[in-house]
Every structure is written in C-alpha cells, then in structure tokens.
$ cat upload-v4.txt   # compact mmCIF, C-alpha atoms
# COMPACT_ATOMS: atom_id res chain seq x y z
CA MET U 28 0.00 0.00 0.00
CA SER U 29 2.80 2.39 0.99
CA ASP U 30 4.69 1.87 -2.26
CA ALA U 31 1.53 2.19 -4.32
CA LEU U 32 0.60 5.37 -2.49
CA ASP U 33 4.08 6.82 -2.97
CA THR U 34 3.96 6.01 -6.68
CA LEU U 35 0.53 7.60 -6.96
CA LEU U 36 1.61 10.69 -5.05
CA SER U 37 4.78 11.01 -7.13
CA SER U 38 2.98 10.93 -10.46
CA PRO U 39 3.01 14.41 -12.01
CA LEU U 40 -0.21 16.40 -11.84
CA ASP U 41 -2.29 16.74 -15.00
CA GLU U 42 -1.39 20.15 -16.39
CA PRO U 43 -4.28 21.98 -18.03
CA ALA U 44 -3.73 23.11 -21.63
CA ASP U 45 -2.85 26.78 -22.04
CA ASN U 46 -6.05 27.63 -23.98
CA GLY U 47 -5.21 31.33 -24.12
CA PHE U 48 -4.33 31.62 -20.43
CA SER U 49 -0.82 33.01 -21.09
CA ALA U 50 -2.17 35.43 -23.69
CA ARG U 51 -4.75 36.75 -21.20
CA VAL U 52 -2.06 37.24 -18.55
CA MET U 53 0.20 39.08 -20.98
CA ALA U 54 -2.68 41.26 -22.25
CA THR U 55 -3.33 42.30 -18.64
CA VAL U 56 0.39 42.99 -18.19
CA VAL U 57 0.31 45.33 -21.21
CA GLU U 58 -2.76 47.10 -19.79
CA LEU U 59 -1.05 47.50 -16.41
CA ARG U 60 2.08 48.88 -18.08
CA LEU U 61 0.05 51.45 -20.03
CA HIS U 62 -1.84 52.44 -16.91
CA LYS U 63 1.45 52.84 -15.04
CA ALA U 64 2.97 54.97 -17.84
CA ARG U 65 -0.12 57.22 -17.91
CA ARG U 66 -0.01 57.66 -14.12
CA GLU U 67 3.71 58.51 -14.23
CA ALA U 68 3.18 61.08 -17.00
CA VAL U 69 0.50 62.85 -14.93
CA LEU U 70 2.69 62.67 -11.83
CA SER U 71 5.62 64.17 -13.76
CA LEU U 72 3.48 67.10 -14.88
CA VAL U 73 2.31 67.74 -11.33
CA VAL U 74 5.89 67.64 -10.01
CA VAL U 75 7.14 70.03 -12.69
CA ALA U 76 4.24 72.41 -12.04
CA LEU U 77 5.03 72.32 -8.31
CA LEU U 78 8.71 73.04 -8.97
CA VAL U 79 7.83 76.01 -11.14
CA ALA U 80 5.38 77.33 -8.58
CA ILE U 81 7.92 76.97 -5.76
CA GLY U 82 10.62 78.62 -7.89
CA LEU U 83 8.38 81.56 -8.74
CA ALA U 84 7.07 81.96 -5.19
CA SER U 85 10.44 81.82 -3.41
CA PRO U 86 12.45 85.07 -2.93
CA VAL U 87 15.41 83.59 -4.80
CA GLY U 88 13.21 82.56 -7.69
CA ALA U 89 11.74 86.04 -7.93
CA GLU U 90 15.22 87.62 -7.79
CA ILE U 91 16.53 85.36 -10.52
CA THR U 92 13.49 86.12 -12.63
CA HIS U 93 13.99 89.85 -12.08
CA VAL U 94 17.73 89.77 -12.89
CA ALA U 95 17.11 87.62 -15.93
CA GLU U 96 14.39 90.00 -17.09
CA LEU U 97 16.71 92.94 -16.69
CA LEU U 98 19.56 91.22 -18.46
CA VAL U 99 17.81 89.92 -21.47
CA ALA U 100 14.68 92.03 -21.33
CA THR U 101 12.66 88.90 -21.81
CA PRO U 102 9.05 88.81 -20.67
CA ALA U 103 8.22 86.70 -17.57
CA PHE U 104 6.04 84.43 -19.70
CA TRP U 105 9.03 83.10 -21.63
CA LEU U 106 11.15 82.82 -18.48
CA GLY U 107 8.36 80.78 -16.94
CA GLY U 108 8.50 78.50 -19.95
CA LEU U 109 12.27 78.22 -19.64
CA MET U 110 12.01 77.32 -15.95
CA LEU U 111 9.40 74.72 -16.79
CA ALA U 112 11.70 73.15 -19.37
CA LEU U 113 14.70 73.26 -17.00
CA SER U 114 12.68 71.72 -14.19
CA GLY U 115 11.55 69.01 -16.57
CA VAL U 116 15.16 68.22 -17.55
CA VAL U 117 16.31 68.18 -13.89
CA TYR U 118 13.36 66.01 -12.86
CA GLY U 119 13.99 63.67 -15.78
CA ARG U 120 17.66 63.29 -14.81
CA VAL U 121 16.84 62.71 -11.15
CA ARG U 122 14.30 60.04 -12.09
CA ALA U 123 16.75 58.38 -14.50
CA MET N 16 22.92 29.80 -15.46
CA ASP N 17 19.92 27.99 -16.99
CA ASN N 18 17.31 29.44 -19.34
CA ILE N 19 14.76 30.00 -16.60
CA ALA N 20 17.20 31.88 -14.40
CA SER N 21 18.33 34.09 -17.29
CA ALA N 22 14.73 34.71 -18.36
CA ALA N 23 13.82 35.61 -14.77
CA LEU N 24 16.70 38.07 -14.55
CA ALA N 25 15.79 39.57 -17.94
CA ALA N 26 12.17 39.89 -16.79
CA ALA N 27 13.40 41.53 -13.59
CA ALA N 28 15.15 44.09 -15.79
CA GLY N 29 11.81 44.86 -17.50
CA ASP N 30 11.83 42.43 -20.43
CA ASP N 31 8.17 41.48 -21.01
CA VAL N 32 9.05 38.93 -23.69
CA ALA N 33 11.13 37.02 -21.13
CA PHE N 34 8.28 37.28 -18.64
CA GLY N 35 5.88 35.91 -21.27
CA MET N 36 8.17 32.92 -21.73
CA LEU N 37 8.08 32.29 -17.96
CA VAL N 38 4.28 32.49 -17.95
CA ARG N 39 4.02 29.95 -20.78
CA THR N 40 6.54 27.66 -19.07
CA TYR N 41 4.92 27.65 -15.64
CA GLN N 42 1.21 28.23 -16.31
CA GLY N 43 0.40 24.50 -16.39
CA LYS N 44 2.32 23.68 -13.21
CA VAL N 45 0.95 26.62 -11.23
CA ARG N 46 -2.62 26.00 -12.38
CA SER N 47 -2.44 22.28 -11.54
CA PHE N 48 -0.98 23.06 -8.10
CA LEU N 49 -3.76 25.58 -7.43
CA LEU N 50 -6.36 23.18 -8.83
CA ARG N 51 -5.37 20.65 -6.20
CA MET N 52 -5.27 23.33 -3.49
CA THR N 53 -8.78 24.54 -4.41
CA LYS N 54 -10.04 20.94 -4.38
CA GLY N 55 -10.69 20.84 -8.09
CA ASN N 56 -12.35 24.24 -8.55
CA GLN N 57 -11.06 25.05 -12.04
CA ALA N 58 -12.40 28.62 -12.28
CA LEU N 59 -11.03 29.62 -8.89
CA ALA N 60 -7.68 27.94 -9.60
CA ASP N 61 -7.37 29.86 -12.88
CA ASP N 62 -8.28 33.17 -11.22
CA LEU N 63 -5.68 32.57 -8.52
CA ALA N 64 -3.11 31.55 -11.14
CA GLN N 65 -3.75 34.77 -13.08
CA ASP N 66 -3.37 36.78 -9.86
CA THR N 67 -0.17 34.87 -9.12
CA PHE N 68 1.41 35.79 -12.46
CA LEU N 69 0.29 39.42 -12.25
CA GLU N 70 1.74 39.74 -8.77
CA ALA N 71 4.92 38.05 -10.00
CA TRP N 72 5.12 40.66 -12.78
CA ARG N 73 4.68 43.50 -10.26
CA LYS N 74 7.33 42.06 -7.94
CA ILE N 75 9.73 40.63 -10.52
CA ALA N 76 12.17 43.51 -10.01
CA GLN N 77 12.60 42.24 -6.44
CA PHE N 78 13.53 38.75 -7.64
CA ARG N 79 17.14 37.89 -6.86
CA ALA N 80 18.53 34.66 -8.19
CA GLU N 81 19.31 33.49 -4.64
CA GLY N 82 16.55 30.87 -4.71
CA THR N 83 14.97 29.36 -7.79
CA PHE N 84 12.36 31.25 -9.81
CA GLN N 85 10.07 28.24 -9.41
CA SER N 86 10.13 28.39 -5.59
CA TRP N 87 9.61 32.15 -5.70
CA LEU N 88 6.59 31.75 -8.02
CA TYR N 89 5.01 28.92 -6.00
CA ARG N 90 5.39 30.99 -2.87
CA ILE N 91 3.31 33.73 -4.48
CA ALA N 92 0.74 31.12 -5.57
CA TRP N 93 0.56 29.68 -2.05
CA THR N 94 0.15 33.18 -0.55
CA ARG N 95 -2.63 34.01 -3.02
CA PHE N 96 -4.37 30.77 -2.09
CA LEU N 97 -4.12 31.54 1.65
CA MET N 98 -5.48 35.05 1.03
CA GLU N 99 -8.44 33.53 -0.81
CA VAL N 100 -9.10 31.13 2.07
CA ARG N 101 -9.00 34.01 4.57
CA LYS N 102 -11.28 36.12 2.38
CA ARG N 103 -13.87 33.36 2.19
CA LYS N 104 -13.76 32.42 5.86
CA PRO N 105 -12.66 34.96 8.43
CA ASP N 106 -11.86 32.18 10.89
CA ASN N 107 -9.00 31.08 8.66
CA ALA N 108 -10.54 27.70 7.93
CA GLU N 109 -10.50 25.60 4.80
CA LEU N 110 -12.25 26.42 1.57
CA ASP N 111 -15.89 25.44 1.81
CA ASP N 112 -16.60 21.89 0.80
CA ASP N 113 -19.37 23.10 -1.46
CA LEU N 114 -16.71 24.95 -3.43
CA ALA N 115 -15.07 21.71 -4.19
CA ALA N 116 -16.88 20.91 -7.39
CA PRO N 117 -14.98 17.78 -8.36
CA ASP N 118 -13.62 18.56 -11.79
CA THR N 119 -10.58 16.41 -11.78
CA GLN N 120 -9.05 15.15 -14.98
CA ALA N 121 -7.59 12.09 -13.32
CA SER N 122 -7.12 9.44 -15.93
CA THR N 123 -7.43 6.44 -13.66
CA LEU N 124 -9.68 5.44 -10.81
CA ALA N 125 -6.70 5.44 -8.47
CA ARG N 126 -5.95 9.03 -9.38
CA LEU N 127 -9.59 9.92 -8.89
CA ASP N 128 -9.56 8.27 -5.45
CA LEU N 129 -6.36 10.12 -4.58
CA GLU N 130 -7.85 13.47 -5.58
CA ARG N 131 -10.94 12.77 -3.45
CA ALA N 132 -8.82 11.69 -0.51
CA MET N 133 -6.61 14.77 -0.95
CA GLN N 134 -9.67 16.99 -0.51
CA ARG N 135 -10.01 15.69 3.06
CA LEU N 136 -6.54 16.86 4.08
CA SER N 137 -5.73 20.31 5.45
CA SER N 138 -4.30 22.88 3.03
CA PRO N 139 -0.75 22.68 4.44
CA GLU N 140 -0.81 18.87 4.23
CA ARG N 141 -2.11 18.98 0.66
CA ALA N 142 0.46 21.59 -0.34
CA SER N 143 3.37 19.79 1.38
CA LEU N 144 2.51 16.45 -0.22
CA THR N 145 1.98 18.00 -3.65
CA LEU N 146 5.23 19.95 -3.58
CA CYS N 147 7.36 17.16 -2.12
CA TYR N 148 5.95 14.31 -4.22
CA ALA N 149 4.34 15.48 -7.46
CA MET N 150 6.47 18.59 -7.93
CA GLU N 151 9.66 16.92 -6.63
CA PHE N 152 10.64 19.78 -4.31
CA SER N 153 13.04 19.01 -1.48
CA HIS N 154 11.71 19.54 2.06
CA SER N 155 13.87 22.63 2.28
CA GLU N 156 12.48 24.10 -0.98
CA ALA N 157 8.93 23.32 0.12
CA SER N 158 9.58 25.03 3.45
CA GLU N 159 10.73 28.11 1.53
CA VAL N 160 7.58 28.10 -0.61
CA LEU N 161 5.20 27.52 2.29
CA ASN N 162 7.11 29.79 4.66
CA MET N 163 7.28 27.08 7.32
CA PRO N 164 10.17 25.43 9.15
CA VAL N 165 11.51 22.28 7.46
CA GLY N 166 10.39 20.18 10.43
CA THR N 167 6.82 21.40 10.06
CA VAL N 168 6.81 20.52 6.36
CA LYS N 169 8.14 17.05 7.17
CA SER N 170 5.40 16.48 9.75
CA HIS N 171 2.73 17.72 7.30
CA VAL N 172 4.05 15.26 4.71
CA SER N 173 4.13 12.38 7.15
CA ARG N 174 0.73 13.15 8.72
CA GLY N 175 -0.87 13.77 5.33
CA ARG N 176 0.50 10.52 3.98
CA GLU N 177 -0.83 8.56 6.96
CA LYS N 178 -4.24 10.16 6.58
CA LEU N 179 -4.32 9.37 2.88
CA LYS N 180 -3.39 5.76 3.57
CA ALA N 181 -6.20 5.48 6.10
CA ILE N 182 -8.75 7.13 3.78
CA LEU N 183 -7.79 5.01 0.78
CA GLN N 184 -7.84 1.78 2.80
CA ALA N 185 -11.27 2.49 4.31

$ encode --input "upload-v4.txt" --output "structure tokens"
Amino acid sequence: MSDALDTLLSSPLDEPADNGFSARVMATVVELRLHKARREAVLSLVVVALLVAIGLASPVGAEITHVAELLVATPAFWLGGLMLALSGVVYGRVRA
Amino acid sequence: MDNIASAALAAAAGDDVAFGMLVRTYQGKVRSFLLRMTKGNQALADDLAQDTFLEAWRKIAQFRAEGTFQSWLYRIAWTRFLMEVRKRKPDNAELDDDLAAPDTQASTLARLDLERAMQRLSSPERASLTLCYAMEFSHSEASEVLNMPVGTVKSHVSRGREKLKAILQA
C-alpha cells in the first residue's frame, strides 16, 4: 500500500492546456504597463508644475526672474516656460 | 545559469518577452498546483493563477537569483491561495466543501480516489505532499515556498501521507 501510495503521489499532476491563459495574462500585463505609464506622466506634470510654482514663489526665484528680465529684457512668460523646461530636464535626470 | 534563471533576470530588468516565456513555461504547473489546493475548482484555480502571475510581474524587479524562480513563483501562488481562504472564511478555515466541485481530470480510478482523498486533508498537508511528491521539491524548498520550518513541512508530509493511507484503505 505504501509503495503504491508513494507512486501515486509522485505521479506528475495533469497540467491543463494553455487555452489562451498566457495570452490573457500578458494582455493584462500590457494594460497595467500602459496604466502605469499614464499615471507617471500625470505625476511628472504635477511635479514640474510644483517646482515652477515653488521657484516663482520663493524670494530667490523672484530675484533670478527679475535679474534675468533685466539682463535679457525677456518677458516673464518666456522665463516661466524656460524654468518649466529646465525643471523638466532636472526632474527627468533625477528620475533616471 | 539555466534558461529559466536568465529569463527571470531579464524579466526583472523589464523584459516582457522574457516574462511571457516564464508564464508559458509555468502556467500548467501553477494551475495544476492551485487546482489541487482549491479541491478541483477550475475557475477559482485559474483566477488565482492569473493573480499569481500578475503579482509576479509586479514584484519581478525584487527577484534575486538566490533561490529558484520556481520556488519564488510557487510561494506567491501559495500566498494568493491563503489570502483567498482568509477572504472566504474569516476564521481562517478551509475552503468550503461546497466549493469543491470535483472537476478532476484524473485518468485512472486510483488518481480519482487520490484526488478525493486529498480533498479531506488540510491545506498545508495537501500543499506539502503535492510539492514534495508530485512537484519533486526538497523539504527545504517546500519550506521556503510555504514559509514554514523544514520540520513542520516534514510532519505535514508524514501526517498527510498517513491520513491518505487510512482514507484510501477504508
């Protein structure tokens, strides 16, 4: 009985056929990856916007903006754009 | 390093093609393990297997080739199964017997009897016997998967085997 039971227990389990199981799992993986990328893109925008806001609100940020305006006589709108781009580059490098 | 280990490391580095290969390689084994754990409930076993692979994908970056990928994957499967048991019964008991719609594909009467007898064992006994016999894990590997001391796994195997013998002889 013991030997028969051991043989029975040792026989490999019947493995169900794939029948699209792997494809379903991988389709969900792709969906999750897209969802994650979308969430990260939104998060990046929020972080950049926060950096710009902090830069503009802080005394140093305002000084730099003022000096830069005086030096190049560039309107604040374009400097804001420049800061946004710089913040994006810095954030991108930090993340990388 | 074997193919599985290299595929697991590639998947850990973000290679979805390598992860797909791991899914195709292990889907049958994981589903059959969970089928036995869920007492033959095919739909539940497949849901748990899908959850297992999705969780493996989320955590694959944490995989270090210290243990085998197989043990790591079965550990996730076992944890998902335990979570399902806890969700269904707050008192941490077994899956309901009425869940156990016998849907076994056993090809012989002996296999059918074994599957029925298996359903009367506790989850840890069923898992220990399945891993140590059918899946050919060592006691130490099974203890890693089940997160139990080796001695506990050995006693589950021995007790489960004795119970099976008694059930099958009755």

$ residues_around --input "upload-v4.txt" --residues "N:Leu179" --least-positions-apart "6" --cutoff "9 Å" --atoms "all atoms listed in the file" --output "list in words"
Leu32 of chain U; Leu129, Ala132, Met133, Arg135 and Leu136 of chain N

$ interface_residues --input "upload-v4.txt" --of "chain U" --to "chain N" --cutoff "9 Å" --atoms "only C-alpha atoms" --output "PyMOL selection string"
chain U and resi 28-29+32-45+48-53+55-57

$ atom_distance --input "upload-v4.txt" --atom1 "atom CA of N:Thr167" --atom2 "atom CA of N:Met98"
20.5 Å

$ closest_residue --input "upload-v4.txt" --among "N:Met163, N:Glu156, N:Glu140, N:Arg131" --to "N:Phe84" --atoms "all atoms listed in the file"
N:Glu156

$ atom_distance --input "upload-v4.txt" --atom1 "atom CA of N:Glu70" --atom2 "atom CA of N:His171"
27.3 Å

$ residues_around --input "upload-v4.txt" --residues "N:Leu59" --least-positions-apart "3" --cutoff "10 Å" --atoms "only C-alpha atoms" --output "ChimeraX atom specification"
/N:46,49-50,53-56,62-65,96,99,114
